[in-house]
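A.B. asks: After the structure tokens below, expect a handful of questions from me.
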Amino acid sequence: MVRAIRGATTVAENKAELIKEATIELLTTIVKKNNLRLEDIISAIFTVTPDLNADFPASSAREIGWNMVPLICATEIPVPGSLSRCIRVLIHINSNLRQDQIHHVYLR
């Protein structure tokens with residue numbers, strides 16, 4: 001079956017190293033909490049709020065070995081009053097887990 005895992009985190013500033021650190025922390029936490037193997041991951045969609053443009057979150061995924069996983073980045077809709085400096089991800093996986101067994105991860 002195909003399942004999806006949601007995750008999000010924030011950074012204090014629009015700096016490439018902070019985006020990279022937060023993205024890697026988010027992805028490794030999702031992998032660990034859901035007991036994923038790299039070959040289970042079908043694809044991932046990353047979004048960032050409009051105030052983050054110093055780096056692509058997908059490049060951080062490549063750094064931790066997601067080289068064969070299709071990845072894409074996009075900008076969130078700039079809704080007034082919404083959370084700022086936020087990185088979100090939607091990961092599609094092959095899994096036998098039920099939907100209520102998936103662990104979505106929200107950090108920071």
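Labels for the structure tokens follow display order: chains A, B, ..., residues from 1 in each chain, ligands from 1.
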Can you list, as number ranges by chain, every protein, DNA or RNA residue that comes within 9 Å of Thr75 (chain A) when you count only C-alpha atoms, leaving out same-chain residues fewer than 6 positions away?
C.D. replies: A: 46-50, 52
A.B. asks: Restricting the output to C-alpha atoms, write the selected residues as an mmCIF file, in the first residue's frame.
C.D. replies:
```cif
data_model
loop_
_atom_site.group_PDB
_atom_site.id
_atom_site.type_symbol
_atom_site.label_atom_id
_atom_site.label_comp_id
_atom_site.auth_asym_id
_atom_site.auth_seq_id
_atom_site.Cartn_x
_atom_site.Cartn_y
_atom_site.Cartn_z
ATOM 1 C CA PHE A 46 8.893 19.909 0.427
ATOM 2 C CA THR A 47 7.339 23.309 0.930
ATOM 3 C CA VAL A 48 8.780 26.387 2.602
ATOM 4 C CA THR A 49 7.146 29.612 3.655
ATOM 5 C CA PRO A 50 7.958 32.592 1.394
ATOM 6 C CA LEU A 52 12.795 30.962 3.381
#
```
A.B. asks: Run DSSP on the backbone and give me the residues of chain A it puts in alpha helix (DSSP H), as number ranges by chain.
C.D. replies: A: 16-33, 57-63
A.B. asks: What's the 12 Å shell around Ala74 (chain A), counting only C-alpha atoms, without same-chain residues fewer than 2 positions away, as a ChimeraX atom specification?
C.D. replies: /A:44-50,52-53,55-58,71-72,76-77,87-90
A.B. asks: Please provide as a ChimeraX atom specification all residues within 8 Å of region 27-31 of chain A, with the sequence filter that same-chain residues fewer than 4 positions apart are discarded (counting only C-alpha atoms).
C.D. replies: /A:5,7,23,35-37,61,103-105
